[in-house]
Amino acid sequence: MTTDVRTAAGPPAAPPPGRARRRGRTDWGRYYTWAVLAWLFAPIAFMVAFSFNDPAGRHNTTWQGFTLHWYRNAFAYPDLNDAMVNSLTIALLTMVVAGGIGTLLGLALGRFSFRGKQLTNLVMFAAISAPEVVLGAALLSTFLMMNVTTGYWTTVVAHVMFCVSFVAITVRARVITLDPRLEEAARDLGAGPWQTFRLVTLPMLFPAIMAGGLLAFALSIDDYIITTFVSGDVTTFPLWIWGATRVGIPPQVNVMGTLLFAVGLIMAAVNVALARRRGGG
């Protein structure tokens with residue numbers, strides 16, 4: 001008698017019950033994530049789209065046609081240009097100064113134990129969690145008590161003060177995860193303290209330093225509330241937009257916003273590429 005091979009081998013094995021349930025279940029978490037991302041990026045998409053709009057009047061609120069006219073005349077408003085230059089220079093200064101101070105502060109908090117460390121951590125998190133209205137009012141009161149005229153440099157000081165904490169926390173998180181054996185190996189090979197920091201510690205901290213600096217740049221360039229308190233007669237990009245809402249925002253605002261967003265994407269991409277390159281090396 002011939003025995004069927006399929007009968008001898010038995011019926012095919014059924015898939016595990018967990019896998020069967022996963023195949024039949026809708027991945028709502030993925031759809032929810034994409035929905036949240038779409039909701040967050042919708043205003044940016046509208047800004048980019050309306051930078052190509054051709055409105056008939058002052059109000060750029062309804063789509064009336066595609067044009068590149070506003071990109072060819074992006075700098076038609078001198079006051080808007082001055083406001084954008086103020087925002088960019090203040091943000092760059094904030095990124096450099098807050099990046100340097102925050103890096104040293106994060107390195108100290110993540111590596112050393114000293115008197116007042118817990119108080120320093122508390123002050124940093126308080127600066128992050130405090131409402132901007134409180135920070136702006138406190139800084140304005142300080143400048144007035146010191147008889148300091150508010151303007152460009154008071155805005156820089158204010159932005160540095162509230163951005164330092166973000167940089168320090170970012171760098172501190174990276175310092176905690178560093179492997180101390182790498183620095184010990186460098187010292188065993190004859191490197192001094194400065195050489196060890198420059199050739200070993202700093203390259204490992206570089207992605208966190210860049211991330212903190214870019215965060216400080218972004219926080220500074222779009223700040224409105226604190227800037228309102230301490231800017232005096234200096235106008236930044238957000239302040240100019242708020243003033244223009246009374247008579248109608250020109251399409252050049254959307255153009256400059258789109259260019260800023262593009263520059264931010266490029267800077268973030270460069271930071272990621274450098275981090276991957278250093279990690280791969």
# chains A, B, ... in the order shown; residues from 1 in each chain; ligands from 1
$ closest_atom_pairs --of "region 155-221 of chain A" --to "region 228-244 of chain A" --cutoff "10 Å" --atoms "only C-alpha atoms" --output "Markdown table"
| residue | atom | partner | partner_atom | distance |
| --- | --- | --- | --- | --- |
| A:Thr155 | CA | A:Ser231 | CA | 5.4 |
| A:Val156 | CA | A:Ser231 | CA | 9.0 |
| A:Val157 | CA | A:Val230 | CA | 9.4 |
| A:Ala158 | CA | A:Val230 | CA | 7.4 |
| A:His159 | CA | A:Val230 | CA | 9.8 |
| A:Ile221 | CA | A:Phe237 | CA | 7.8 |
$ closest_atom_pairs --of "region 156-213 of chain A" --to "region 269-274 of chain A" --cutoff "8 Å" --atoms "only C-alpha atoms" --output "CSV"
residue,atom,partner,partner_atom,distance
A:Pro207,CA,A:Asn271,CA,6.9
A:Met210,CA,A:Asn271,CA,6.7
A:Ala211,CA,A:Asn271,CA,7.4
$ write_last_selection --atoms "all heavy atoms" --output "compact mmCIF listing (two decimals), in the first residue's frame"
# COMPACT_ATOMS: atom_id res chain seq x y z
N PRO A 207 27.61 66.30 17.99
CA PRO A 207 26.20 66.24 17.58
C PRO A 207 25.26 66.89 18.58
O PRO A 207 24.31 67.59 18.19
CB PRO A 207 25.93 64.73 17.45
CG PRO A 207 27.27 64.14 17.21
CD PRO A 207 28.23 64.96 18.00
N MET A 210 25.69 70.72 18.33
CA MET A 210 25.01 71.24 17.16
C MET A 210 23.49 71.22 17.35
O MET A 210 22.80 72.18 16.97
CB MET A 210 25.39 70.40 15.94
CG MET A 210 26.76 70.73 15.38
SD MET A 210 26.86 72.41 14.72
CE MET A 210 25.65 72.34 13.40
N ALA A 211 22.97 70.15 17.94
CA ALA A 211 21.53 70.08 18.18
C ALA A 211 21.08 71.18 19.12
O ALA A 211 20.05 71.84 18.89
CB ALA A 211 21.16 68.70 18.73
$ select_by_dssp --residues "region 35-270 of chain A" --states "alpha helix (DSSP H)" --output "VMD selection string"
chain A and resid 35 to 50 69 to 72 78 to 111 117 to 129 132 to 145 152 to 176 180 to 188 193 to 196 202 to 221 225 to 230 237 to 244 251 to 270
$ atom_distance --atom1 "CA of Leu93 (chain A)" --atom2 "CA of Ile44 (chain A)"
25.7 Å
$ atom_distance --atom1 "CA of Ala191 (chain A)" --atom2 "CA of Arg111 (chain A)"
19.4 Å
$ atom_distance --atom1 "CA of Leu205 (chain A)" --atom2 "CA of Ala130 (chain A)"
27.7 Å
$ residues_around --residues "Leu109 (chain A)" --least-positions-apart "5" --cutoff "12 Å" --atoms "only C-alpha atoms" --output "list in words"
Gly102, Thr103, Leu104, Phe114, Arg115, Gly116, Lys117, Gln118, Leu119, Thr120, Asn121, Leu122, Met124, Ser165, Ala168, Ile169, Thr170, Val171, Arg172, Ala173, Arg174, Val175 and Ile176 of chain A
$ closest_residue --among "A:Val253, A:Met161, A:Val148, A:Phe261" --to "Tyr71 (chain A)" --atoms "only C-alpha atoms"
A:Val253
